[in-house]
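Have a look at the structure below, then the notes.
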2 protein chains.
Amino acid sequence: MVESWSFLDTVESNFRPLVVIELAKSTKEETIEWLTKRIVDKKADGGAQLLIKPLVMENGVENIYLVGASHLRLLLGAETVGLVKECSDNSMRAFTYSSRKTFKHFADDNHDFLTMAECQYIIKHELENLRAKDEKMIPGYPHAKLYPGKSIVRRLLTSGILVQIFPLHDREELKKLSHSWYGRVKVGYQPLDDIRCYFGETIALYFGFLEYFTFALIPMAVIGIPYYVFAWEDYDKYVMFATFNLLWSTVILEVWKRICAILTYRWGTLLMKRQFEEPRPGFHGVLGINPVTGREEPVYSSIKRQLRIYLVSLPFVCLCLYFSLYVMMIYFDLEQWALDYHKENESNFSSLMLYVPSIIYAVVIEIMNRIYRYAAEFLTSWENHRLESSYQNHLILKVLVFNFLNCFASLFYIAFVLFDMKLLRQSLATLLITSQILNQFAESLLPYWLQKRYNRRMKKSMCSKKTGTDLSLAEQVNMEKEMGTYLGTFDDYLELFLQFGYVSLFSCVYPLAAVFAVLNNTTEIYSDALKMCRVYKRPFAEPTANIGVWQLAFETMSVISVVTNCILIGMSPQVDALFPDSKMDLVLTVALIEHLLLAIKFIMAFVIPDKPRDIQMKLAKLEFESLEALKQQVRAFQMQL
Amino acid sequence: MVESWSFLDTVESNFRPLVVIELAKSTKEETIEWLTKRIVDKKADGGAQLLIKPLVMENGVENIYLVGASHLRLLLGAETVGLVKECSDNSMRAFTYSSRKTFKHFADDNHDFLTMAECQYIIKHELENLRAKDEKMIPGYPHAKLYPGKSIVRRLLTSGILVQIFPLHDREELKKLSHSWYGRVKVGYQPLDDIRCYFGETIALYFGFLEYFTFALIPMAVIGIPYYVFAWEDYDKYVMFATFNLLWSTVILEVWKRICAILTYRWGTLLMKRQFEEPRPGFHGVLGINPVTGREEPVYSSIKRQLRIYLVSLPFVCLCLYFSLYVMMIYFDLEQWALDYHKENESNFSSLMLYVPSIIYAVVIEIMNRIYRYAAEFLTSWENHRLESSYQNHLILKVLVFNFLNCFASLFYIAFVLFDMKLLRQSLATLLITSQILNQFAESLLPYWLQKRYNRRMKKSMCSKKTGTDLSLAEQVNMEKEMGTYLGTFDDYLELFLQFGYVSLFSCVYPLAAVFAVLNNTTEIYSDALKMCRVYKRPFAEPTANIGVWQLAFETMSVISVVTNCILIGMSPQVDALFPDSKMDLVLTVALIEHLLLAIKFIMAFVIPDKPRDIQMKLAKLEFESLEALKQQVRAFQMQL
């Protein structure tokens with residue numbers, strides 16, 4: 001029985017398992033029956049019109065279900081979610097079933113027209129949009145209340161009946177992808193289009209940004225190396241480096257927008273219409289009428305939320321910021337103590353001890369960042385935001401502010417209170433390198449090692465029973481459901497954001513930072529790729545057209561770095577020596593240059609178009625066509641009169 | 001014959017003249033015949049399907065035509081241009097003829113459903129979209145080439161056959177409007193909705209902004225008065241005033257966006273879809289294929305345009321800026337000469353002479369601004385921009401930069417090079433007051449007086465022949481066609497922009513500027529209203545959803561004013577005295593405060609939502625409904641399968 005379910009040999013030849021549903025082991029029979037019926041029911045009857053099969057495990061427990069859909073159903077779903085595909089004339093258009101023949105590579109028997117990630121995204125969308133009709137509760141669970149229009153899957157998830165939903169890996173495709181991605185050591189671009197086909201646009205865009213950012217850092221790194229090699233200490237050289245750095249960072253952020261537009265146009269997400277956002281699963285409140293949709297759903301007063309934000313979250317964040325500064329002061333005490341110790345004892349051990357406070361502090365910072373992250377998630381969830389996007393924005397803001405202060409406060413203190421450039425350089429190097437090592441370890445290597453150990457154990461226990469090398473479907477599902485869940489690109493972007501801070505905030509003091517960043521990112525690409533392919537469950541594809549709030553975060557960082565670099569240069573003894581008579585003139589000159597640089601930055605950001613000309617033309621053409629079509633309709637109607 | 005054409009007594013009762021077309025006197029008969037036929041032809045035959053009547057003048061010359069349209073034609077036109085009207089359920093929706101019954105105040109016999117301004121806008125749109133079919137030229141004028149799709153009216157205009165097109169005034173409505181607008185001295189708001197109905201959204205929005213801006217200046221003016229009355233010279237008071245001013249100017253600009261959204265939502269333009277932009281009339285080039293529309297039209301290489309911009313326009317603007325600075329230096333020489341003269345002669349006349357250079361300079365600035373304006377228009381037109389919007393943006397940028405420098409360079413020089421606060425205050429006052437007086441005179445009073453004189457002459461010559469007091473239609477048309485053409489809101493906004501500069505750039509030196517601004521704007525409302533109603537031809541209504549690039553210009557000015565005010569305060573002797581030991585500390589403190597203020601400004605601009613919550617909700621509701629409608633369509637289609 002188990003064998004007959006293997007991936008290549010399904011009972012019905014047209015049933016391709018795409019998504020796995022894991023129910024709680026104790027789920028009642030009537031609930032399962034009701035859910036299955038609702039999933040299979042026709043659209044006209046309010047169902048999802050998908051295919052579902054139980055996966056019978058060896059121990060006979062039936063709590064895992066495989067969901068698939070017919071080819072036609074998927075095509076209709078593609079229209080519902082508004083997928084944009086390439087037409088035969090190379091333009092990108094929203095897919096509709098009635099115009100299917102005009103699309104490139106479409107054929108009624110071509111089941112590869114939609115990528116597997118797209119099919120899984122469609123199924124997820126259909127499942128999430130399976131809504132209660134007149135059910136007052138989930139059958140068998142009187143406490144899991146339902147009301148007309150409530151998403152059934154979301155209620156099942158929040159009431160614990162549904163353990164998880166995840167898309168299946170395609171082991172063949174994954175093998176091919178991982179080979180071309182990180183399987184061989186090569187110089188070249190990542191297979192972004194393949195990554196997008198397999199993991200969806202959000203993840204492909206992250207890897208695209210990571211790669212682009214690494215390439216963009218190379219000029220900085222190349223210019224930075226001679227400063228280290230020849231031990232240049234002339235501040236005119238530092239001024240040149242910093243100026244290049246500041247203008248360069250503006251240029252790369254602007255150019256990224258253009259590259260992002262090129263990528264997402266090709267992937268169709270640039271043109272994809274935004275779907276109406278449903279309340280996030282964790283949102284709760286008393287039942288009321290949503291003024292926008294007119295539907296019954298939980299409502300929660302916006303004033304209450306504002307009160308929670310300003311009276312609880314804001315003070316808490318401030319307290320955490322204060323605590324972080326307090327820890328920083330302890331670090332400086334330790335630093336002083338280590339210095340004194342070194343002076344008294346002057347040994348190899350004592351000179352090594354000089355680095356210990358920085359390393360300890362770097363570790364403490366990482367730990368504090370992670371603890372704070374949980375607190376921020378809890379608080380933001382408690383603020384009870386209706387939309388996932390608003391939840392994400394509040395979470396990102398909280399985490400960014402804290403991480404920024406936590407990571408950079410000590411550097412600011414050293415630079416602008418202690419005026420100790422040597423210590424600044426040393427701290428910067430220690431913080432940057434330690435945090436990079438910790439991150440690589442905690443993010444990829446540790447989970448990978450844990451996963452590998454688990455897999456070995458799993459395989460061992462299976463191999464004892466059978467001899468086949470290929471995993472059966474049941475085994476695959478069993479293995480994948482135990483894998484960790486990838487929680488999104490947040491941590492990865494945050495890491496890049498902090499790295500950008502290390503590179504640009506104090507670039508004129510430590511030009512080598514860019515070199516370390518490039519080295520780190522090169523390995524980061526590989527370890528992140530490994531993480532995606534081997535450590536975590538396959539995530540659902542998420543269409544996206546840009547990197548969202550991170551663009552703003554990076555731009556803000558680059559504005560702050562103009563200020564810090566100008567101050568640093570103004571403080572240097574060499575520049576100081578240029579104005580022997582009047583310190584006033586020095587400060588005024590520095591302030592003038594800073595304002596000029598900021599003005600140039602803003603003008604550059606304004607002048608460089610966000611989209612390349614050919615993309616602009618293509619978008620204009622599409623807009624023109626839709627306006628023309630509308631006019632044709634009006635005209636046709638007028639002719640009837 | 002003339003009498004039967006009077007406004008209230010048209011030959012056909014359903015023909016209401018809306019728009020006047022004035023052809024050149026020598027226009028050939030065949031051209032007129034062809035044009036009339038094209039205008040009257042059915043839509044299906046490529047015509048505009050409008051009504052047209054010749055207006056026979058007393059001297060028998062037939063070069064003026066009146067254009068109207070049937071009620072049904074106007075309703076269909078409203079759908080074509082995408083007018084948004086209020087429905088019976090108080091929501092705003094794009095008008096369609098098939099859903100006409102759902103709109104508020106709609107009845108088949110209610111000819112007031114569309115305002116006269118809307119009808120005229122529709123007719124203008126239809127006339128401009130009357131396109132050549134297979135004509136190779138305008139009949140009778142072999143040099144006026146046509147190609148399929150070329151707008152006939154635009155070609156007629158550029159080849160001088162069509163002298164002008166303008167909408168007729170509605171004398172009854174105008175009388176009512178001008179009475180409620182400026183007819184009586186009253187404290188209260190302007191009748192913005194009536195202005196919008198009569199003149200369209202662009203002009204109503206200008207008056208809305210003028211009124212809002214004046215009200216917003218009142219707090220500044222009120223706080224500024226005691227500084228003058230009590231001759232407060234304490235700099236802590238000035239610091240308070242400047243800080244209030246800076247934050248206030250951010251708040252008012254952000255709040256304006258919200259008010260603008262409320263107004264344009266009510267007027268329907270917030271929801272109006274942008275029409276596809278046709279090339280501007282002046283655009284020329286060799287015939288080619290537009291890559292966006294696929295139509296034949298003149299194309300002009302973007303590289304050539306860039307070359308013209310960067311190799312000719314930019315150097316020219318720089319030259320003008322240099323010239324403006326040169327004139328400024330002459331002014332300072334004059335100023336010095338006047339001072340010397342006063343010292344030598346010490347008489348009433350000599351102390352009066354002290355003001356002469358400033359006044360001369362203010363007059364010269366105004367003259368230079370106006371001359372430069374012509375040069376900028378010529379250059380921008382020569383740059384050959386394809387779109388009117390791009391032309392406007394380049395023109396505004398050129399004019400703004402020059403005007404900014406021309407008006408404020410001398411003040412910057414006095415403040416930051418001469419450090420002469422007394423002279424700064426005096427120059428500021430002279431410049432502000434002189435430019436206000438000149439503007440009021442040149443913009444409204446002079447044209448009004450000229451117009452009045454002309455009207456008197458006209459009336460006299462008519463009254464000699466007949467006795468009736470009401471003007472006949474022919475007389476009305478004859479009078480209106482000689483009136484000046486209103487060239488758009490550019491000059492009016494520019495005046496407000498410069499005024500905003502005078503008020504905010506040096507607010508801590510001359511708090512009384514806000515008082516003068518309020519006084520000026522109060523009369524400006526009346527003189528601008530007079531100008532619109534009595535001096536100029538009625539302009540065509542232009543739907544618009546915001547004040548466009550001016551919002552950005554005002555915001556930029558408010559950022560610059562943070563910098564200037566911080567420097568001014570830092571330079572004051574009182575603040576200087578707070579840091580007796582170290583000038584460094586002073587400058588650093590000022591720089592820190594400046595950065596803090598800028599940061600607060602940006603955070604405030606980010607935090608204050610651009611649209612009020614209820615408008616957001618209404619927009620979300622509309623978006624939700626259109627998504628739902630789309631889904632319904634998809635579902636209906638899927639059910640058929």
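Letters A, B, ... go to the chains of the structure tokens in the order shown; residues in each chain start at 1; ligands are counted from 1 in the same order.
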
Output the contact residues of chain B with respect to chain A at a cut-off of 9 Å, based on only C-alpha atoms, as a compact mmCIF listing (two decimals) with all heavy atoms, in the first residue's frame.
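Generated output (out-v2.txt):
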# COMPACT_ATOMS: atom_id res chain seq x y z
N LYS B 43 -19.99 59.21 -34.72
CA LYS B 43 -18.82 58.55 -34.15
C LYS B 43 -18.40 57.37 -35.01
O LYS B 43 -17.21 57.14 -35.25
CB LYS B 43 -19.16 58.04 -32.74
CG LYS B 43 -18.84 59.04 -31.66
CD LYS B 43 -17.35 59.02 -31.38
CE LYS B 43 -17.02 59.79 -30.12
NZ LYS B 43 -15.57 59.97 -30.00
N ALA B 44 -19.40 56.61 -35.47
CA ALA B 44 -19.12 55.42 -36.25
C ALA B 44 -18.36 55.76 -37.53
O ALA B 44 -17.56 54.96 -38.04
CB ALA B 44 -20.43 54.71 -36.59
N LEU B 76 -22.67 60.35 -22.98
CA LEU B 76 -21.74 59.34 -23.51
C LEU B 76 -20.31 59.87 -23.44
O LEU B 76 -19.37 59.13 -23.14
CB LEU B 76 -22.12 58.98 -24.95
CG LEU B 76 -23.45 58.25 -25.07
CD1 LEU B 76 -23.84 58.08 -26.54
CD2 LEU B 76 -23.39 56.89 -24.39
N GLU B 79 -18.80 59.48 -20.09
CA GLU B 79 -18.27 58.13 -19.89
C GLU B 79 -16.89 58.01 -20.53
O GLU B 79 -15.97 57.44 -19.95
CB GLU B 79 -19.24 57.10 -20.48
CG GLU B 79 -18.73 55.69 -20.31
CD GLU B 79 -19.78 54.64 -20.64
OE1 GLU B 79 -20.96 55.03 -20.82
OE2 GLU B 79 -19.42 53.47 -20.70
N THR B 80 -16.75 58.57 -21.74
CA THR B 80 -15.47 58.47 -22.45
C THR B 80 -14.35 59.14 -21.68
O THR B 80 -13.26 58.60 -21.56
CB THR B 80 -15.59 59.12 -23.85
OG1 THR B 80 -16.77 58.65 -24.47
CG2 THR B 80 -14.37 58.80 -24.70
N THR B 96 -21.11 55.70 -16.03
CA THR B 96 -21.32 54.99 -17.30
C THR B 96 -22.78 55.19 -17.68
O THR B 96 -23.65 55.28 -16.81
CB THR B 96 -21.02 53.49 -17.21
OG1 THR B 96 -21.93 52.90 -16.28
CG2 THR B 96 -19.60 53.23 -16.76
N SER B 98 -24.80 53.16 -19.03
CA SER B 98 -25.71 52.05 -18.71
C SER B 98 -26.10 52.04 -17.24
O SER B 98 -27.15 51.53 -16.88
CB SER B 98 -25.06 50.72 -19.10
OG SER B 98 -23.77 50.64 -18.55
N GLN B 275 -5.90 59.77 -18.18
CA GLN B 275 -6.06 59.50 -19.61
C GLN B 275 -4.69 59.31 -20.23
O GLN B 275 -3.69 59.79 -19.71
CB GLN B 275 -6.77 60.69 -20.27
CG GLN B 275 -8.15 60.96 -19.75
CD GLN B 275 -9.19 60.07 -20.40
OE1 GLN B 275 -9.13 59.82 -21.58
NE2 GLN B 275 -10.12 59.57 -19.62
N PHE B 276 -4.66 58.63 -21.34
CA PHE B 276 -3.39 58.48 -22.05
C PHE B 276 -2.99 59.83 -22.63
O PHE B 276 -3.79 60.51 -23.26
CB PHE B 276 -3.54 57.45 -23.15
CG PHE B 276 -2.23 57.15 -23.82
CD1 PHE B 276 -1.31 56.31 -23.22
CD2 PHE B 276 -1.91 57.74 -25.03
CE1 PHE B 276 -0.11 56.05 -23.82
CE2 PHE B 276 -0.70 57.48 -25.63
CZ PHE B 276 0.20 56.64 -25.03
N PRO B 291 6.44 53.50 -30.32
CA PRO B 291 6.54 52.12 -29.85
C PRO B 291 5.45 51.74 -28.85
O PRO B 291 5.14 50.56 -28.68
CB PRO B 291 7.93 52.06 -29.21
CG PRO B 291 8.27 53.47 -28.88
CD PRO B 291 7.59 54.31 -29.90
N VAL B 292 4.87 52.73 -28.18
CA VAL B 292 3.84 52.43 -27.18
C VAL B 292 2.49 52.18 -27.86
O VAL B 292 1.84 51.17 -27.64
CB VAL B 292 3.74 53.56 -26.15
CG1 VAL B 292 2.53 53.35 -25.24
CG2 VAL B 292 5.01 53.63 -25.32
N THR B 293 2.09 53.14 -28.71
CA THR B 293 0.76 53.03 -29.29
C THR B 293 0.77 52.27 -30.60
O THR B 293 -0.27 51.80 -31.04
CB THR B 293 0.18 54.43 -29.56
OG1 THR B 293 1.07 55.10 -30.48
CG2 THR B 293 0.10 55.25 -28.30
N GLY B 294 1.96 52.16 -31.23
CA GLY B 294 2.02 51.52 -32.54
C GLY B 294 1.45 52.40 -33.63
O GLY B 294 1.29 51.96 -34.76
N LYS B 583 33.53 78.36 20.63
CA LYS B 583 32.67 78.56 19.45
C LYS B 583 32.31 77.21 18.83
O LYS B 583 31.25 77.03 18.25
CB LYS B 583 33.39 79.42 18.42
CG LYS B 583 33.59 80.85 18.86
CD LYS B 583 32.26 81.57 18.96
CE LYS B 583 32.30 82.59 20.08
NZ LYS B 583 31.38 82.39 21.17
N MET B 584 33.24 76.25 18.95
CA MET B 584 33.02 74.89 18.45
C MET B 584 31.72 74.31 18.99
O MET B 584 30.88 73.81 18.25
CB MET B 584 34.15 73.98 18.91
CG MET B 584 35.36 73.97 18.04
SD MET B 584 35.11 72.92 16.62
CE MET B 584 35.44 71.33 17.39
N VAL B 587 28.66 75.82 17.40
CA VAL B 587 28.36 75.35 16.05
C VAL B 587 27.87 73.90 16.10
O VAL B 587 26.89 73.54 15.42
CB VAL B 587 29.61 75.47 15.16
CG1 VAL B 587 29.30 74.94 13.77
CG2 VAL B 587 30.06 76.90 15.09
N LEU B 588 28.50 73.09 16.94
CA LEU B 588 28.09 71.69 17.02
C LEU B 588 26.66 71.58 17.54
O LEU B 588 25.87 70.78 17.03
CB LEU B 588 29.06 70.90 17.91
CG LEU B 588 30.45 70.70 17.29
CD1 LEU B 588 31.36 69.98 18.26
CD2 LEU B 588 30.33 69.91 15.99
N ALA B 591 24.32 72.54 14.81
CA ALA B 591 24.24 71.49 13.80
C ALA B 591 23.39 70.32 14.31
O ALA B 591 22.58 69.76 13.58
CB ALA B 591 25.64 71.01 13.43
N MET B 617 -10.90 54.59 3.75
CA MET B 617 -11.91 53.53 3.82
C MET B 617 -12.74 53.50 2.55
O MET B 617 -13.02 52.43 1.99
CB MET B 617 -12.85 53.76 5.01
CG MET B 617 -12.19 53.68 6.35
SD MET B 617 -11.63 52.04 6.74
CE MET B 617 -13.03 51.46 7.65
N LYS B 618 -13.14 54.69 2.09
CA LYS B 618 -13.97 54.74 0.89
C LYS B 618 -13.21 54.20 -0.31
O LYS B 618 -13.76 53.47 -1.14
CB LYS B 618 -14.43 56.18 0.64
CG LYS B 618 -15.56 56.61 1.54
CD LYS B 618 -15.86 58.09 1.38
CE LYS B 618 -16.91 58.55 2.38
NZ LYS B 618 -16.88 60.02 2.55
N LEU B 619 -11.91 54.57 -0.41
CA LEU B 619 -11.11 54.07 -1.53
C LEU B 619 -10.96 52.56 -1.43
O LEU B 619 -11.07 51.83 -2.42
CB LEU B 619 -9.74 54.74 -1.54
CG LEU B 619 -9.73 56.24 -1.83
CD1 LEU B 619 -8.31 56.77 -1.83
CD2 LEU B 619 -10.40 56.54 -3.15
N ALA B 620 -10.70 52.06 -0.20
CA ALA B 620 -10.55 50.62 -0.02
C ALA B 620 -11.83 49.90 -0.41
O ALA B 620 -11.79 48.82 -1.02
CB ALA B 620 -10.19 50.33 1.44
N LYS B 621 -12.96 50.51 -0.05
CA LYS B 621 -14.25 49.90 -0.38
C LYS B 621 -14.43 49.77 -1.89
O LYS B 621 -14.82 48.72 -2.40
CB LYS B 621 -15.37 50.75 0.22
CG LYS B 621 -16.69 50.05 0.27
CD LYS B 621 -17.69 50.82 1.09
CE LYS B 621 -19.04 50.15 1.02
NZ LYS B 621 -20.05 50.87 1.76
N LEU B 622 -14.08 50.85 -2.60
CA LEU B 622 -14.20 50.82 -4.06
C LEU B 622 -13.29 49.74 -4.65
O LEU B 622 -13.69 49.00 -5.54
CB LEU B 622 -13.81 52.17 -4.64
CG LEU B 622 -14.89 53.23 -4.61
CD1 LEU B 622 -14.36 54.52 -5.16
CD2 LEU B 622 -16.09 52.76 -5.42
N GLU B 623 -12.05 49.68 -4.13
CA GLU B 623 -11.11 48.70 -4.66
C GLU B 623 -11.63 47.29 -4.41
O GLU B 623 -11.57 46.42 -5.28
CB GLU B 623 -9.76 48.90 -3.99
CG GLU B 623 -8.60 48.35 -4.81
CD GLU B 623 -7.34 48.29 -4.00
OE1 GLU B 623 -7.14 49.14 -3.12
OE2 GLU B 623 -6.55 47.35 -4.24
N PHE B 624 -12.15 47.10 -3.19
CA PHE B 624 -12.69 45.79 -2.85
C PHE B 624 -13.82 45.41 -3.78
O PHE B 624 -13.88 44.29 -4.30
CB PHE B 624 -13.18 45.81 -1.40
CG PHE B 624 -13.89 44.56 -0.99
CD1 PHE B 624 -13.19 43.40 -0.73
CD2 PHE B 624 -15.27 44.54 -0.89
CE1 PHE B 624 -13.83 42.24 -0.37
CE2 PHE B 624 -15.94 43.38 -0.53
CZ PHE B 624 -15.22 42.23 -0.27
N GLU B 625 -14.71 46.38 -4.04
CA GLU B 625 -15.85 46.08 -4.91
C GLU B 625 -15.39 45.71 -6.31
O GLU B 625 -15.92 44.78 -6.92
CB GLU B 625 -16.78 47.30 -4.98
CG GLU B 625 -17.73 47.35 -3.80
CD GLU B 625 -18.50 48.65 -3.76
OE1 GLU B 625 -18.43 49.42 -4.73
OE2 GLU B 625 -19.15 48.90 -2.74
N LEU B 627 -12.55 44.41 -7.18
CA LEU B 627 -11.94 43.07 -7.14
C LEU B 627 -13.01 41.99 -7.08
O LEU B 627 -12.93 40.96 -7.74
CB LEU B 627 -11.01 42.95 -5.93
CG LEU B 627 -9.65 43.61 -6.09
CD1 LEU B 627 -8.89 43.59 -4.77
CD2 LEU B 627 -8.84 42.90 -7.16
N LEU B 630 -14.63 41.50 -10.37
CA LEU B 630 -13.76 40.71 -11.24
C LEU B 630 -13.89 39.23 -10.92
O LEU B 630 -14.03 38.38 -11.79
CB LEU B 630 -12.32 41.17 -11.05
CG LEU B 630 -11.37 40.87 -12.20
CD1 LEU B 630 -11.70 41.76 -13.37
CD2 LEU B 630 -9.93 41.11 -11.75
N LYS B 631 -13.87 38.94 -9.60
CA LYS B 631 -13.99 37.54 -9.17
C LYS B 631 -15.30 36.94 -9.63
O LYS B 631 -15.37 35.79 -10.05
CB LYS B 631 -13.89 37.46 -7.64
CG LYS B 631 -12.50 37.16 -7.15
CD LYS B 631 -12.54 36.80 -5.68
CE LYS B 631 -11.26 37.18 -5.01
NZ LYS B 631 -11.44 37.45 -3.59
N VAL B 634 -15.02 35.93 -13.16
CA VAL B 634 -14.25 34.70 -13.31
C VAL B 634 -15.11 33.50 -12.89
O VAL B 634 -15.16 32.48 -13.57
CB VAL B 634 -12.96 34.76 -12.46
CG1 VAL B 634 -12.24 33.44 -12.50
CG2 VAL B 634 -12.07 35.89 -12.96
N ARG B 635 -15.83 33.69 -11.77
CA ARG B 635 -16.64 32.59 -11.25
C ARG B 635 -17.75 32.22 -12.25
O ARG B 635 -17.97 31.06 -12.54
CB ARG B 635 -17.22 32.99 -9.89
CG ARG B 635 -17.52 31.81 -9.01
CD ARG B 635 -17.74 32.27 -7.58
NE ARG B 635 -16.53 32.87 -7.02
CZ ARG B 635 -16.53 33.77 -6.05
NH1 ARG B 635 -17.66 34.20 -5.53
NH2 ARG B 635 -15.39 34.24 -5.57
N PHE B 637 -17.77 32.64 -15.32
CA PHE B 637 -17.17 31.99 -16.47
C PHE B 637 -16.84 30.53 -16.15
O PHE B 637 -17.08 29.62 -16.93
CB PHE B 637 -15.91 32.75 -16.88
CG PHE B 637 -15.16 32.09 -17.98
CD1 PHE B 637 -15.63 32.14 -19.29
CD2 PHE B 637 -13.98 31.40 -17.73
CE1 PHE B 637 -14.95 31.53 -20.31
CE2 PHE B 637 -13.30 30.79 -18.74
CZ PHE B 637 -13.78 30.86 -20.04
N GLN B 638 -16.32 30.32 -14.92
CA GLN B 638 -15.95 28.96 -14.53
C GLN B 638 -17.18 28.06 -14.42
O GLN B 638 -17.10 26.86 -14.68
CB GLN B 638 -15.20 28.99 -13.20
CG GLN B 638 -13.82 29.64 -13.33
CD GLN B 638 -13.08 29.65 -12.02
OE1 GLN B 638 -13.59 29.20 -11.01
NE2 GLN B 638 -11.86 30.17 -12.05
N MET B 639 -18.30 28.65 -14.03
CA MET B 639 -19.52 27.84 -13.88
C MET B 639 -19.99 27.32 -15.23
O MET B 639 -20.58 26.26 -15.32
CB MET B 639 -20.63 28.70 -13.27
CG MET B 639 -20.24 29.13 -11.87
SD MET B 639 -21.52 28.82 -10.69
CE MET B 639 -20.81 29.42 -9.20

As an exercise, work out the distance from CA of Lys398 (chain A) to CA of Ala429 (chain A) in Å and give it to one decimal place.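 Pair CA of Lys398 (chain A) / CA of Ala429 (chain A) returns 26.2 Å.
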
Residue contacts of Phe402 (chain A) (12 Å, only C-alpha atoms) excluding same-chain residues fewer than 5 positions away, as a ChimeraX atom specification: /A:314,316-325,365-366,368-373,375-376,395-397,407-409,494,498

Tell me which protein, DNA and RNA residues are within 7 Å of Pro539 (chain B), counting only C-alpha atoms, leaving out same-chain ones fewer than 2 positions away, and put them as a VMD selection string. chain B and resid 166 to 167 199 486 537 541

Same residues, N, CA and C atoms, saved as a PDB file, in the first residue's frame:
ATOM      1  N   PHE B 166     -12.561  78.522 -27.218  1.00  0.00           N
ATOM      2  CA  PHE B 166     -12.745  78.820 -25.795  1.00  0.00           C
ATOM      3  C   PHE B 166     -14.192  78.573 -25.392  1.00  0.00           C
ATOM      4  N   PRO B 167     -14.383  78.243 -24.133  1.00  0.00           N
ATOM      5  CA  PRO B 167     -15.749  77.978 -23.648  1.00  0.00           C
ATOM      6  C   PRO B 167     -16.457  79.295 -23.354  1.00  0.00           C
ATOM      7  N   PHE B 199     -15.396  76.752 -12.894  1.00  0.00           N
ATOM      8  CA  PHE B 199     -14.080  76.855 -13.512  1.00  0.00           C
ATOM      9  C   PHE B 199     -13.311  75.537 -13.557  1.00  0.00           C
ATOM     10  N   TYR B 486      -6.339  83.181 -19.899  1.00  0.00           N
ATOM     11  CA  TYR B 486      -5.741  82.798 -18.619  1.00  0.00           C
ATOM     12  C   TYR B 486      -4.764  81.660 -18.874  1.00  0.00           C
ATOM     13  N   LYS B 537     -10.865  85.389 -20.459  1.00  0.00           N
ATOM     14  CA  LYS B 537     -11.800  84.426 -21.041  1.00  0.00           C
ATOM     15  C   LYS B 537     -12.011  83.304 -20.047  1.00  0.00           C
ATOM     16  N   ALA B 541     -12.158  73.738 -18.057  1.00  0.00           N
ATOM     17  CA  ALA B 541     -11.956  73.023 -16.801  1.00  0.00           C
ATOM     18  C   ALA B 541     -10.905  71.939 -17.016  1.00  0.00           C
TER      19      ALA B 541
END

Write down as a PyMOL selection string the residues belonging to region 56-190 of chain B that are assigned alpha helix (DSSP H) by DSSP computed on the backbone. chain B and resi 71-81+116-128+152-158+171-178

Just how far from CA of Pro573 (chain B) is CA of Trp232 (chain B), in Å to one decimal? 14.4 Å

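Considering only C-alpha atoms, the residue among A:Trp550, A:Val312, A:Ser358, A:Trp337 positioned nearest to Asn393 (chain A) is A:Trp550.
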
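Coordinates place CA of Pro281 (chain A) at a distance of 21.6 Å from CA of Val399 (chain A).
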
List the spatial neighbours of Glu118 (chain B) as an MDAnalysis selection string - criterion: any atom at most 9 Å away, only C-alpha atoms, same-chain residues fewer than 2 positions off excluded. chainID B and resid 78 83 114:116 120:123 197:198 200 540:541

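All residues in region 61-179 of chain A with a DSSP state of strand (DSSP E), computed from the backbone, read Ile64, Tyr65, Leu66, Val67, Gly68, Val84, Lys85, Glu86, Met92, Arg93, Ala94, Met137, Ile138, Tyr141, Pro142, His143, Ala144, Lys145, Leu162, Val163, Gln164, Ile165, Phe166 and Pro167 of chain A.
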
Can you pull out the residues contacting region 130-147 of chain A? Cut-off 7 Å, using only C-alpha atoms, and skip same-chain residues under 4 positions away; I want them as a list in words. Lys28, Glu30, Thr31, Gly47, Ala48, Glu126, Ser151, Ile152 and Ser159 of chain A

Take the selection from the previous step and output its residues with C-alpha atoms, as a short mmCIF file (atom, residue, chain, number, x, y, z; two decimals), in the first residue's frame.
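Resulting contents of selection.cif:
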data_model
loop_
_atom_site.label_atom_id
_atom_site.label_comp_id
_atom_site.auth_asym_id
_atom_site.auth_seq_id
_atom_site.Cartn_x
_atom_site.Cartn_y
_atom_site.Cartn_z
CA LYS A 28 -12.32 13.48 15.03
CA GLU A 30 -16.55 13.81 11.41
CA THR A 31 -14.22 16.81 11.19
CA GLY A 47 -16.03 24.29 -2.10
CA ALA A 48 -12.45 24.55 -3.29
CA GLU A 126 -7.76 28.32 -2.76
CA SER A 151 -11.61 31.20 6.34
CA ILE A 152 -11.93 27.56 7.43
CA SER A 159 -7.72 26.02 17.03
#
